[in-house]
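Novice: One structure coming up, written as structure tokens, with questions to follow.
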2 protein chains.
Amino acid sequence: MARIKTDNHLSRKDVIVTKAAALFREKGFKAASMRDLAEAVGVEAASLYNHIKSKTELLHELCFSVANRFLHKMDEVESQNTKAIDKIEKLLRFHINEMIQHYEEVYVSDREWKHLSDPYLSNFQNQRRIYRKRFAAIIEQGIRNNEIKKIDAATAVLIILHAISGIESWHRSVQKISASELEENMVTILVGGLTNQ
Amino acid sequence: MARIKTDNHLSRKDVIVTKAAALFREKGFKAASMRDLAEAVGVEAASLYNHIKSKTELLHELCFSVANRFLHKMDEVESQNTKAIDKIEKLLRFHINEMIQHYEEVYVSDREWKHLSDPYLSNFQNQRRIYRKRFAAIIEQGIRNNEIKKIDAATAVLIILHAISGIESWHRSVQKISASELEENMVTILVGGLTNQ
DNA sequence: CCTACCGATCGGTAGG
DNA sequence: CCTACCGATCGGTAGG
């Protein structure tokens with residue numbers, strides 16, 4: 001997915017990864033078979049193995065490409081010289097947009113990572129734990145600066161991250177409101193819930 | 001699960017359903033095998049079928065027993081003569097407590113229902129859609145009465161319900177804060193996010 | 001990229 | 001509640 005392309009065409013591998021994300025999202029990792037995937041790609045199941053090593057490899061490519069994007073954004077936000085609540089809003093908006101634009105991948109990374117096997121599993125869990133701690137540290141900074149209510153930071157992170165995963169329902173619904181309206185509503189409720197005023 | 005008992009002992013069936021909830025939560029419905037379940041119960045796999053009809057039956061018993069509790073609570077809350085924001089807080093606290101006390105069942109009902117098969121699948125999806133509409137209607141009432149910010153009610157429901165599912169992370173963590181502190185933190189953030197003040 | 005096929009594991013049944 | 005076993009399906013490989 002991160003390969004540089006000279007044209008708009010996706011490599012066969014990219015097609016496989018993309019179709020895998022859609023299938024894993026729809027059926028779950030375990031219930032999605034390599035034969036399902038082969039049919040979606042338009043080849044026989046055995047042919048997939050000329051491009052990938054295993055079914056699990058597909059899952060960990062998806063999980064880590066998503067995790068890397070979030071960690072990269074966290075680096076960027078932490079280095080900025082802004083108020084804690086602004087950092088949180090930036091992270092929140094990034095999460096919302098990632099979920100809207102890369103729905104299948106982000107969803108799979110969020111819900112199917114438990115099917116990873118070691119060493120990827122513990123690696124992923126570690127990255128996730130660290131990300132949440134960094135997020136909580138920003139909230140704690142905001143509480144010390146009186147920008148944010150006196151709440152448990154870990155609980156706040158948990159609420160924010162899970163609330164965002166709710167976009168999944170919006171994504172598959174008849175979509176009454178637009179993506180930008182969705183974003184503003186979420187920011188209003190969640191930033192509003194954290195701040196004193 | 002709803003059967004009346006004359007003593008504290010669970011019937012064999014109850015043990016199977018309870019162990020199934022734990023297994024489906026831990027591994028996911030598809031990845032949890034009947035042989036895993038048999039081992040957890042302490043019998044051979046074939047023996048399970050003297051108490052249950054199929055693996056799917058276990059899933060739909062879990063999903064519908066959880067759904068029924070929420071629908072029953074919704075009936076109760078709707079019939080009360082209180083402000084919309086109080087109804088929301090009541091539902092919110094009920095959800096939180098259900099998630100804390102019946103963690104495995106509620107989690108499975110929330111995350112594994114897609115493995116139901118028709119007619120149970122569409123039945124469950126219907127109940128879920130109706131529940132959310134009733135929840136949204138209360139929020140809309142609150143907006144009309146100026147108790148709640150002018151937001152999209154469906155988005156608010158989505159945020160609330162998914163935020164609660166975040167308790168899953170708390171449940172399996174080293175549990176820094178108590179259940180009641182968790183509840184108060186969630187109510188503070190979410191009710192605070194909805195209200196004008 | 002395909003045909004042919006493998007060993008393993010699955011949910012479930014027969015019969016006692 | 002057990003032993004014995006079934007047909008189906010799985011991820012993956014061999015060989016071309």
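Quick note on naming: the chains in the structure tokens go A, B, ... in the order shown, residues restart at 1 in each chain, and ligands are numbered from 1 in order of appearance.
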Distance limit 10 Å, atoms considered: only C-alpha atoms (C1' of nucleotides). Which chain C residues sit that close to chain A? Return them as a PDB file with N, CA, C and O atoms (P, O5', C5', C4', C3', O3' and C1' of nucleotides), in the first residue's frame.

Specialist:
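Writing the result to iface-v3.pdb gives the following:
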ATOM      1  P    DC C   1      -2.081 -13.080 -11.976  1.00  0.00           P
ATOM      2  O5'  DC C   1      -2.410 -14.591 -12.353  1.00  0.00           O
ATOM      3  C5'  DC C   1      -2.747 -14.937 -13.669  1.00  0.00           C
ATOM      4  C4'  DC C   1      -2.777 -16.439 -13.727  1.00  0.00           C
ATOM      5  C3'  DC C   1      -3.634 -17.053 -12.636  1.00  0.00           C
ATOM      6  O3'  DC C   1      -4.848 -17.514 -13.224  1.00  0.00           O
ATOM      7  C1'  DC C   1      -1.581 -18.235 -12.956  1.00  0.00           C
ATOM      8  P    DC C   2      -5.952 -18.382 -12.389  1.00  0.00           P
ATOM      9  O5'  DC C   2      -5.668 -19.891 -12.837  1.00  0.00           O
ATOM     10  C5'  DC C   2      -5.513 -20.207 -14.222  1.00  0.00           C
ATOM     11  C4'  DC C   2      -5.162 -21.674 -14.350  1.00  0.00           C
ATOM     12  C3'  DC C   2      -6.041 -22.563 -13.467  1.00  0.00           C
ATOM     13  O3'  DC C   2      -6.763 -23.503 -14.243  1.00  0.00           O
ATOM     14  C1'  DC C   2      -3.708 -23.026 -13.095  1.00  0.00           C
ATOM     15  P    DT C   3      -7.861 -24.456 -13.526  1.00  0.00           P
ATOM     16  O5'  DT C   3      -7.056 -25.810 -13.339  1.00  0.00           O
ATOM     17  C5'  DT C   3      -6.441 -26.447 -14.465  1.00  0.00           C
ATOM     18  C4'  DT C   3      -5.779 -27.738 -14.012  1.00  0.00           C
ATOM     19  C3'  DT C   3      -6.697 -28.675 -13.224  1.00  0.00           C
ATOM     20  O3'  DT C   3      -6.402 -30.027 -13.592  1.00  0.00           O
ATOM     21  C1'  DT C   3      -4.834 -28.092 -11.876  1.00  0.00           C
TER      22       DT C   3
END

Novice: Please produce, as CSV, a per-residue contact table for chain B versus chain A (criterion: any atom at most 10 Å away, only C-alpha atoms considered), showing the nearest atom pair and its distance in Å to one decimal, sorted by chain then residue number.

Specialist:
residue,atom,partner,partner_atom,distance
B:Glu26,CA,A:Lys114,CA,8.8
B:Lys27,CA,A:Lys114,CA,7.7
B:Gly28,CA,A:Lys30,CA,8.5
B:Phe29,CA,A:Lys30,CA,9.0
B:Lys30,CA,A:Lys30,CA,6.0
B:Ala31,CA,A:Lys30,CA,6.2
B:Ala32,CA,A:Lys30,CA,9.9
B:Arg111,CA,A:Arg111,CA,8.7
B:Glu112,CA,A:Gly28,CA,9.2
B:Lys114,CA,A:Lys27,CA,7.7
B:His115,CA,A:Lys27,CA,8.0
B:Lys149,CA,A:Ile189,CA,8.7
B:Lys150,CA,A:Asn185,CA,9.2
B:Ile151,CA,A:Asn185,CA,6.0
B:Asp152,CA,A:Asn185,CA,6.7
B:Ala153,CA,A:Asn185,CA,9.4
B:Ala154,CA,A:Trp170,CA,8.8
B:Thr155,CA,A:Leu182,CA,7.0
B:Ala156,CA,A:Ile189,CA,7.5
B:Val157,CA,A:Gly166,CA,9.3
B:Leu158,CA,A:Gly166,CA,5.6
B:Ile159,CA,A:Ala163,CA,4.6
B:Ile160,CA,A:Ala163,CA,6.9
B:Leu161,CA,A:Ala163,CA,7.7
B:His162,CA,A:Ala163,CA,5.0
B:Ala163,CA,A:Ala163,CA,4.5
B:Ile164,CA,A:Ile159,CA,7.1
B:Ser165,CA,A:His162,CA,6.9
B:Gly166,CA,A:His162,CA,5.4
B:Ile167,CA,A:Leu158,CA,7.6
B:Glu168,CA,A:Leu158,CA,9.3
B:Ser169,CA,A:Leu158,CA,7.4
B:Trp170,CA,A:Thr155,CA,7.8
B:Lys176,CA,A:Ala154,CA,9.1
B:Ile177,CA,A:Asp152,CA,8.2
B:Glu181,CA,A:Asp152,CA,8.6
B:Leu182,CA,A:Thr155,CA,7.0
B:Glu183,CA,A:Thr155,CA,9.6
B:Glu184,CA,A:Ile151,CA,9.1
B:Asn185,CA,A:Ile151,CA,6.0
B:Met186,CA,A:Thr155,CA,7.3
B:Val187,CA,A:Gly193,CA,9.4
B:Thr188,CA,A:Gly193,CA,7.2
B:Ile189,CA,A:Gly193,CA,4.3
B:Leu190,CA,A:Gly193,CA,5.7
B:Val191,CA,A:Gly193,CA,7.2
B:Gly192,CA,A:Gly193,CA,4.7
B:Gly193,CA,A:Gly193,CA,3.5
B:Leu194,CA,A:Ile189,CA,5.8
B:Thr195,CA,A:Gly192,CA,8.6
B:Asn196,CA,A:Gln197,CA,8.8
B:Gln197,CA,A:Gln197,CA,6.7

Novice: Deliver the residues from the most recent selection as a file, using C-alpha atoms, as a PDB file, in the first residue's frame.

Specialist:
ATOM      1  CA  GLU B  26     -12.087 -14.224  23.749  1.00  0.00           C
ATOM      2  CA  LYS B  27     -11.606 -15.811  20.326  1.00  0.00           C
ATOM      3  CA  GLY B  28     -14.550 -14.578  18.290  1.00  0.00           C
ATOM      4  CA  PHE B  29     -17.479 -16.750  17.255  1.00  0.00           C
ATOM      5  CA  LYS B  30     -15.863 -18.331  14.202  1.00  0.00           C
ATOM      6  CA  ALA B  31     -12.505 -19.012  15.816  1.00  0.00           C
ATOM      7  CA  ALA B  32     -14.025 -20.601  18.928  1.00  0.00           C
ATOM      8  CA  ARG B 111     -19.495  -7.651  18.218  1.00  0.00           C
ATOM      9  CA  GLU B 112     -20.436 -11.105  17.020  1.00  0.00           C
ATOM     10  CA  LYS B 114     -23.053 -10.609  12.317  1.00  0.00           C
ATOM     11  CA  HIS B 115     -22.463 -14.357  12.523  1.00  0.00           C
ATOM     12  CA  LYS B 149     -27.348  21.063  22.198  1.00  0.00           C
ATOM     13  CA  LYS B 150     -28.512  21.261  18.607  1.00  0.00           C
ATOM     14  CA  ILE B 151     -26.781  18.159  17.287  1.00  0.00           C
ATOM     15  CA  ASP B 152     -27.667  15.280  15.018  1.00  0.00           C
ATOM     16  CA  ALA B 153     -29.492  12.826  17.279  1.00  0.00           C
ATOM     17  CA  ALA B 154     -28.457   9.721  15.321  1.00  0.00           C
ATOM     18  CA  THR B 155     -24.790  10.711  15.630  1.00  0.00           C
ATOM     19  CA  ALA B 156     -25.201  11.273  19.342  1.00  0.00           C
ATOM     20  CA  VAL B 157     -26.705   7.795  19.805  1.00  0.00           C
ATOM     21  CA  LEU B 158     -23.886   6.280  17.820  1.00  0.00           C
ATOM     22  CA  ILE B 159     -21.272   8.040  19.960  1.00  0.00           C
ATOM     23  CA  ILE B 160     -22.934   7.073  23.220  1.00  0.00           C
ATOM     24  CA  LEU B 161     -23.435   3.408  22.377  1.00  0.00           C
ATOM     25  CA  HIS B 162     -19.953   2.924  20.994  1.00  0.00           C
ATOM     26  CA  ALA B 163     -18.297   4.871  23.786  1.00  0.00           C
ATOM     27  CA  ILE B 164     -19.853   2.453  26.248  1.00  0.00           C
ATOM     28  CA  SER B 165     -18.408  -0.512  24.396  1.00  0.00           C
ATOM     29  CA  GLY B 166     -15.037   0.979  25.322  1.00  0.00           C
ATOM     30  CA  ILE B 167     -15.606  -0.427  28.803  1.00  0.00           C
ATOM     31  CA  GLU B 168     -14.310  -3.633  27.280  1.00  0.00           C
ATOM     32  CA  SER B 169     -10.785  -2.139  27.441  1.00  0.00           C
ATOM     33  CA  TRP B 170     -11.279  -1.047  31.026  1.00  0.00           C
ATOM     34  CA  LYS B 176      -6.923   1.546  37.888  1.00  0.00           C
ATOM     35  CA  ILE B 177     -10.252   3.120  38.744  1.00  0.00           C
ATOM     36  CA  GLU B 181     -15.624   5.967  39.210  1.00  0.00           C
ATOM     37  CA  LEU B 182     -15.700   4.682  35.650  1.00  0.00           C
ATOM     38  CA  GLU B 183     -19.451   5.211  35.561  1.00  0.00           C
ATOM     39  CA  GLU B 184     -19.217   8.775  36.874  1.00  0.00           C
ATOM     40  CA  ASN B 185     -16.442   9.655  34.426  1.00  0.00           C
ATOM     41  CA  MET B 186     -18.440   8.371  31.489  1.00  0.00           C
ATOM     42  CA  VAL B 187     -21.589  10.184  32.561  1.00  0.00           C
ATOM     43  CA  THR B 188     -19.627  13.403  33.089  1.00  0.00           C
ATOM     44  CA  ILE B 189     -18.089  13.316  29.634  1.00  0.00           C
ATOM     45  CA  LEU B 190     -21.085  12.087  27.672  1.00  0.00           C
ATOM     46  CA  VAL B 191     -23.917  13.949  29.406  1.00  0.00           C
ATOM     47  CA  GLY B 192     -21.611  16.977  29.535  1.00  0.00           C
ATOM     48  CA  GLY B 193     -21.047  16.646  25.799  1.00  0.00           C
ATOM     49  CA  LEU B 194     -24.750  16.672  25.069  1.00  0.00           C
ATOM     50  CA  THR B 195     -25.924  19.473  27.313  1.00  0.00           C
ATOM     51  CA  ASN B 196     -25.571  23.173  26.756  1.00  0.00           C
ATOM     52  CA  GLN B 197     -23.986  23.907  30.077  1.00  0.00           C
TER      53      GLN B 197
END

Novice: For segment 65-72 of chain A, list every protein, DNA or RNA residue within 7 Å, evaluated using only C-alpha atoms (C1' of nucleotides), and leave out those in the same chain fewer than 2 positions away; present the list as number ranges by chain.

Specialist: A: 61-63, 74-76, 105-106, 109, 131

Novice: Let's have chain B fitted on chain A; use all the C-alpha atoms paired in order for the least-squares step and return it as an mmCIF file with C-alpha atoms, in the first residue's frame.

Specialist:
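Result went into superposed32.cif, see below:
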data_model
loop_
_atom_site.group_PDB
_atom_site.id
_atom_site.type_symbol
_atom_site.label_atom_id
_atom_site.label_comp_id
_atom_site.auth_asym_id
_atom_site.auth_seq_id
_atom_site.Cartn_x
_atom_site.Cartn_y
_atom_site.Cartn_z
ATOM 1 C CA MET B 1 0.084 -0.025 0.090
ATOM 2 C CA ALA B 2 2.939 2.398 0.639
ATOM 3 C CA ARG B 3 4.632 1.669 -2.643
ATOM 4 C CA ILE B 4 5.189 4.549 -5.015
ATOM 5 C CA LYS B 5 3.319 4.205 -8.262
ATOM 6 C CA THR B 6 4.202 5.595 -11.660
ATOM 7 C CA ASP B 7 0.567 5.469 -12.771
ATOM 8 C CA ASN B 8 -2.916 5.041 -11.316
ATOM 9 C CA HIS B 9 -2.897 1.283 -11.614
ATOM 10 C CA LEU B 10 -2.692 -0.767 -8.475
ATOM 11 C CA SER B 11 -0.317 -3.692 -8.424
ATOM 12 C CA ARG B 12 -1.867 -7.135 -8.089
ATOM 13 C CA LYS B 13 -0.643 -7.223 -4.506
ATOM 14 C CA ASP B 14 -2.387 -3.920 -3.758
ATOM 15 C CA VAL B 15 -5.614 -5.257 -5.205
ATOM 16 C CA ILE B 16 -5.347 -8.340 -3.007
ATOM 17 C CA VAL B 17 -4.714 -6.295 0.142
ATOM 18 C CA THR B 18 -7.583 -3.920 -0.635
ATOM 19 C CA LYS B 19 -10.030 -6.726 -1.357
ATOM 20 C CA ALA B 20 -8.844 -8.527 1.769
ATOM 21 C CA ALA B 21 -9.651 -5.458 3.880
ATOM 22 C CA ALA B 22 -13.179 -5.357 2.474
ATOM 23 C CA LEU B 23 -13.688 -9.076 3.058
ATOM 24 C CA PHE B 24 -12.219 -9.129 6.556
ATOM 25 C CA ARG B 25 -14.436 -6.182 7.451
ATOM 26 C CA GLU B 26 -17.554 -7.785 6.027
ATOM 27 C CA LYS B 27 -17.185 -11.346 7.312
ATOM 28 C CA GLY B 28 -14.482 -11.123 9.954
ATOM 29 C CA PHE B 29 -10.970 -12.483 9.524
ATOM 30 C CA LYS B 30 -11.728 -16.095 10.419
ATOM 31 C CA ALA B 31 -14.931 -16.356 8.412
ATOM 32 C CA ALA B 32 -13.397 -14.843 5.270
ATOM 33 C CA SER B 33 -11.734 -17.606 3.277
ATOM 34 C CA MET B 34 -8.884 -17.367 0.814
ATOM 35 C CA ARG B 35 -11.296 -18.791 -1.754
ATOM 36 C CA ASP B 36 -13.636 -15.839 -1.094
ATOM 37 C CA LEU B 37 -10.687 -13.511 -1.563
ATOM 38 C CA ALA B 38 -9.553 -15.240 -4.750
ATOM 39 C CA GLU B 39 -13.025 -14.857 -6.201
ATOM 40 C CA ALA B 40 -13.077 -11.147 -5.319
ATOM 41 C CA VAL B 41 -9.699 -10.677 -6.997
ATOM 42 C CA GLY B 42 -10.635 -12.818 -9.975
ATOM 43 C CA VAL B 43 -8.082 -15.627 -9.738
ATOM 44 C CA GLU B 44 -7.875 -19.141 -8.300
ATOM 45 C CA ALA B 45 -7.052 -19.438 -4.584
ATOM 46 C CA ALA B 46 -3.635 -20.974 -5.222
ATOM 47 C CA SER B 47 -2.610 -17.997 -7.341
ATOM 48 C CA LEU B 48 -2.862 -15.616 -4.417
ATOM 49 C CA TYR B 49 0.244 -17.214 -2.954
ATOM 50 C CA ASN B 50 2.387 -15.863 -5.743
ATOM 51 C CA HIS B 51 1.838 -12.410 -4.225
ATOM 52 C CA ILE B 52 1.436 -13.023 -0.530
ATOM 53 C CA LYS B 53 2.933 -15.400 1.986
ATOM 54 C CA SER B 54 -0.155 -16.204 4.046
ATOM 55 C CA LYS B 55 -3.586 -15.058 5.140
ATOM 56 C CA THR B 56 -2.100 -13.787 8.396
ATOM 57 C CA GLU B 57 0.405 -11.675 6.485
ATOM 58 C CA LEU B 58 -2.522 -9.812 4.914
ATOM 59 C CA LEU B 59 -3.953 -9.067 8.337
ATOM 60 C CA HIS B 60 -0.746 -7.778 9.777
ATOM 61 C CA GLU B 61 -0.008 -5.617 6.779
ATOM 62 C CA LEU B 62 -3.414 -4.015 7.246
ATOM 63 C CA CYS B 63 -3.064 -3.594 11.011
ATOM 64 C CA PHE B 64 0.417 -2.113 10.940
ATOM 65 C CA SER B 65 -0.167 0.255 8.045
ATOM 66 C CA VAL B 66 -3.090 1.759 9.973
ATOM 67 C CA ALA B 67 -1.189 1.832 13.268
ATOM 68 C CA ASN B 68 1.760 3.565 11.608
ATOM 69 C CA ARG B 69 -0.411 6.348 10.259
ATOM 70 C CA PHE B 70 -1.785 7.066 13.730
ATOM 71 C CA LEU B 71 1.629 6.943 15.380
ATOM 72 C CA HIS B 72 3.016 9.288 12.757
ATOM 73 C CA LYS B 73 0.192 11.755 13.378
ATOM 74 C CA MET B 74 0.788 11.507 17.122
ATOM 75 C CA ASP B 75 4.454 12.459 16.606
ATOM 76 C CA GLU B 76 3.380 15.466 14.573
ATOM 77 C CA VAL B 77 0.744 16.646 17.057
ATOM 78 C CA GLU B 78 2.966 16.202 20.114
ATOM 79 C CA SER B 79 5.693 18.349 18.593
ATOM 80 C CA GLN B 80 3.335 21.270 18.021
ATOM 81 C CA ASN B 81 3.265 24.210 20.372
ATOM 82 C CA THR B 82 -0.479 24.408 20.939
ATOM 83 C CA LYS B 83 -2.927 23.992 23.783
ATOM 84 C CA ALA B 84 -3.738 20.460 24.893
ATOM 85 C CA ILE B 85 -7.370 20.765 23.866
ATOM 86 C CA ASP B 86 -6.301 21.787 20.358
ATOM 87 C CA LYS B 87 -4.036 18.756 20.117
ATOM 88 C CA ILE B 88 -6.915 16.545 21.147
ATOM 89 C CA GLU B 89 -9.189 18.119 18.582
ATOM 90 C CA LYS B 90 -6.544 17.575 15.914
ATOM 91 C CA LEU B 91 -6.169 13.901 16.821
ATOM 92 C CA LEU B 92 -9.920 13.516 16.994
ATOM 93 C CA ARG B 93 -10.413 14.995 13.529
ATOM 94 C CA PHE B 94 -7.615 12.822 12.158
ATOM 95 C CA HIS B 95 -9.250 9.697 13.583
ATOM 96 C CA ILE B 96 -12.613 10.667 12.159
ATOM 97 C CA ASN B 97 -11.189 11.315 8.714
ATOM 98 C CA GLU B 98 -9.172 8.116 8.697
ATOM 99 C CA MET B 99 -12.305 6.213 9.606
ATOM 100 C CA ILE B 100 -14.322 7.935 6.898
ATOM 101 C CA GLN B 101 -11.729 7.633 4.138
ATOM 102 C CA HIS B 102 -10.058 4.327 4.924
ATOM 103 C CA TYR B 103 -13.055 2.709 6.517
ATOM 104 C CA GLU B 104 -12.358 -0.954 5.752
ATOM 105 C CA GLU B 105 -8.688 -0.911 6.753
ATOM 106 C CA VAL B 106 -9.222 1.052 9.948
ATOM 107 C CA TYR B 107 -12.172 -1.097 10.934
ATOM 108 C CA VAL B 108 -10.213 -4.311 10.381
ATOM 109 C CA SER B 109 -7.226 -2.987 12.300
ATOM 110 C CA ASP B 110 -9.571 -2.051 15.144
ATOM 111 C CA ARG B 111 -11.662 -5.191 15.367
ATOM 112 C CA GLU B 112 -9.676 -8.066 13.938
ATOM 113 C CA TRP B 113 -6.206 -7.530 15.369
ATOM 114 C CA LYS B 114 -6.778 -10.271 17.932
ATOM 115 C CA HIS B 115 -6.332 -12.790 15.122
ATOM 116 C CA LEU B 116 -2.723 -11.710 14.665
ATOM 117 C CA SER B 117 -0.191 -14.215 15.946
ATOM 118 C CA ASP B 118 3.023 -13.533 17.827
ATOM 119 C CA PRO B 119 5.347 -11.748 17.476
ATOM 120 C CA TYR B 120 2.989 -9.411 15.597
ATOM 121 C CA LEU B 121 0.227 -9.740 18.158
ATOM 122 C CA SER B 122 2.198 -8.541 21.176
ATOM 123 C CA ASN B 123 3.932 -5.965 19.025
ATOM 124 C CA PHE B 124 0.590 -4.532 17.946
ATOM 125 C CA GLN B 125 -0.824 -4.588 21.471
ATOM 126 C CA ASN B 126 2.249 -2.726 22.663
ATOM 127 C CA GLN B 127 1.943 -0.019 20.025
ATOM 128 C CA ARG B 128 -1.699 0.361 20.881
ATOM 129 C CA ARG B 129 -1.026 0.663 24.613
ATOM 130 C CA ILE B 130 1.696 3.241 24.036
ATOM 131 C CA TYR B 131 -0.504 5.272 21.692
ATOM 132 C CA ARG B 132 -3.242 5.439 24.300
ATOM 133 C CA LYS B 133 -0.782 6.490 26.978
ATOM 134 C CA ARG B 134 0.498 9.321 24.821
ATOM 135 C CA PHE B 135 -3.095 10.373 24.137
ATOM 136 C CA ALA B 136 -3.881 10.236 27.866
ATOM 137 C CA ALA B 137 -0.790 12.311 28.637
ATOM 138 C CA ILE B 138 -2.113 15.120 26.454
ATOM 139 C CA ILE B 139 -5.432 15.002 28.286
ATOM 140 C CA GLU B 140 -3.655 15.112 31.645
ATOM 141 C CA GLN B 141 -1.720 18.153 30.474
ATOM 142 C CA GLY B 142 -5.037 19.759 29.558
ATOM 143 C CA ILE B 143 -6.448 19.007 33.014
ATOM 144 C CA ARG B 144 -3.414 20.562 34.724
ATOM 145 C CA ASN B 145 -3.818 23.670 32.561
ATOM 146 C CA ASN B 146 -7.510 23.885 33.443
ATOM 147 C CA GLU B 147 -8.540 23.458 29.819
ATOM 148 C CA ILE B 148 -10.211 20.151 30.571
ATOM 149 C CA LYS B 149 -12.530 18.877 33.311
ATOM 150 C CA LYS B 150 -11.064 16.843 36.140
ATOM 151 C CA ILE B 151 -11.711 13.384 34.734
ATOM 152 C CA ASP B 152 -9.813 10.136 34.459
ATOM 153 C CA ALA B 153 -7.653 10.567 31.359
ATOM 154 C CA ALA B 154 -7.562 6.856 30.485
ATOM 155 C CA THR B 155 -11.371 6.721 30.530
ATOM 156 C CA ALA B 156 -11.557 9.779 28.322
ATOM 157 C CA VAL B 157 -9.216 8.194 25.756
ATOM 158 C CA LEU B 158 -11.263 5.032 25.799
ATOM 159 C CA ILE B 159 -14.487 6.969 25.193
ATOM 160 C CA ILE B 160 -13.007 9.039 22.391
ATOM 161 C CA LEU B 161 -11.422 6.148 20.512
ATOM 162 C CA HIS B 162 -14.455 3.910 20.763
ATOM 163 C CA ALA B 163 -16.890 6.685 19.932
ATOM 164 C CA ILE B 164 -15.020 7.206 16.682
ATOM 165 C CA SER B 165 -15.372 3.548 15.783
ATOM 166 C CA GLY B 166 -19.105 4.255 15.770
ATOM 167 C CA ILE B 167 -18.572 5.885 12.381
ATOM 168 C CA GLU B 168 -18.752 2.336 11.098
ATOM 169 C CA SER B 169 -22.547 2.473 11.614
ATOM 170 C CA TRP B 170 -22.785 5.819 9.873
ATOM 171 C CA HIS B 171 -20.682 4.531 6.997
ATOM 172 C CA ARG B 172 -23.035 1.676 6.221
ATOM 173 C CA SER B 173 -26.263 3.558 6.882
ATOM 174 C CA VAL B 174 -28.319 5.476 4.343
ATOM 175 C CA GLN B 175 -26.052 8.383 5.290
ATOM 176 C CA LYS B 176 -28.440 11.101 6.280
ATOM 177 C CA ILE B 177 -25.794 13.660 7.140
ATOM 178 C CA SER B 178 -22.623 14.511 5.244
ATOM 179 C CA ALA B 179 -19.123 13.522 6.301
ATOM 180 C CA SER B 180 -18.299 17.070 7.391
ATOM 181 C CA GLU B 181 -21.503 17.360 9.395
ATOM 182 C CA LEU B 182 -20.671 14.059 11.051
ATOM 183 C CA GLU B 183 -17.226 15.382 11.911
ATOM 184 C CA GLU B 184 -18.581 18.605 13.416
ATOM 185 C CA ASN B 185 -21.193 16.732 15.451
ATOM 186 C CA MET B 186 -18.597 14.393 16.884
ATOM 187 C CA VAL B 187 -16.213 17.211 17.736
ATOM 188 C CA THR B 188 -19.033 19.184 19.364
ATOM 189 C CA ILE B 189 -20.083 16.310 21.588
ATOM 190 C CA LEU B 190 -16.660 14.956 22.479
ATOM 191 C CA VAL B 191 -14.668 18.178 22.857
ATOM 192 C CA GLY B 192 -17.718 19.653 24.597
ATOM 193 C CA GLY B 193 -17.739 16.690 26.965
ATOM 194 C CA LEU B 194 -14.128 17.221 27.928
ATOM 195 C CA THR B 195 -14.035 20.966 28.402
ATOM 196 C CA ASN B 196 -15.327 22.951 31.320
ATOM 197 C CA GLN B 197 -17.422 25.303 29.280
#

Novice: According to DSSP computed on the backbone, where in chain B is there helix (DSSP H, G or I)? Give the residues as a VMD selection string.

Specialist: chain B and resid 12 to 27 34 to 41 45 to 50 55 to 78 84 to 101 103 to 111 113 to 115 120 to 144 153 to 165 167 to 172 179 to 194

Novice: Give me, please, the distance in Å between atom C1' of DA4 of chain C and atom C1' of DT13 of chain D, quoted to one decimal.

Specialist: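 One can read the atom C1' of DA4 of chain C to atom C1' of DT13 of chain D distance as 10.7 Å.
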
Novice: May I ask for the distance between atom C1' of DC10 of chain C and atom C1' of DC6 of chain D, given in Å to one decimal place?

Specialist: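 Straight-line distance from atom C1' of DC10 of chain C to atom C1' of DC6 of chain D works out to 11.7 Å.
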
Novice: So that I can see what lies close to DA8 of chain C, please list as a list of chain:residue names the residues with an atom at most 12 Å from it, counting only C-alpha atoms (C1' of nucleotides) and leaving out residues fewer than 4 positions away in the same chain.

Specialist: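 Result of the neighbour search: D:DT9, D:DC10, D:DG11, D:DG12.
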
Novice: Write a file of the selected residues as a short mmCIF file (atom, residue, chain, number, x, y, z; two decimals), in the first residue's frame, keeping N, CA, C and O atoms (P, O5', C5', C4', C3', O3' and C1' of nucleotides).

Specialist:
data_model
loop_
_atom_site.label_atom_id
_atom_site.label_comp_id
_atom_site.auth_asym_id
_atom_site.auth_seq_id
_atom_site.Cartn_x
_atom_site.Cartn_y
_atom_site.Cartn_z
P DT D 9 -18.79 -27.03 1.67
"O5'" DT D 9 -17.52 -26.38 2.38
"C5'" DT D 9 -17.61 -25.98 3.75
"C4'" DT D 9 -16.22 -25.71 4.24
"C3'" DT D 9 -15.37 -24.88 3.26
"O3'" DT D 9 -15.04 -23.66 3.90
"C1'" DT D 9 -14.15 -26.70 4.18
P DC D 10 -14.30 -22.47 3.13
"O5'" DC D 10 -12.89 -22.45 3.86
"C5'" DC D 10 -12.86 -22.41 5.29
"C4'" DC D 10 -11.51 -22.89 5.77
"C3'" DC D 10 -10.32 -22.33 5.00
"O3'" DC D 10 -9.97 -21.07 5.54
"C1'" DC D 10 -10.03 -24.66 5.47
P DG D 11 -9.08 -20.03 4.70
"O5'" DG D 11 -7.60 -20.56 4.94
"C5'" DG D 11 -7.06 -20.58 6.25
"C4'" DG D 11 -5.68 -21.17 6.20
"C3'" DG D 11 -4.70 -20.44 5.29
"O3'" DG D 11 -3.41 -20.42 5.91
"C1'" DG D 11 -4.98 -22.65 4.50
P DG D 12 -2.17 -19.66 5.22
"O5'" DG D 12 -1.58 -20.81 4.29
"C5'" DG D 12 -1.13 -22.01 4.91
"C4'" DG D 12 -0.76 -23.02 3.85
"C3'" DG D 12 0.22 -22.50 2.79
"O3'" DG D 12 1.46 -23.16 2.97
"C1'" DG D 12 -1.50 -23.89 1.87
#
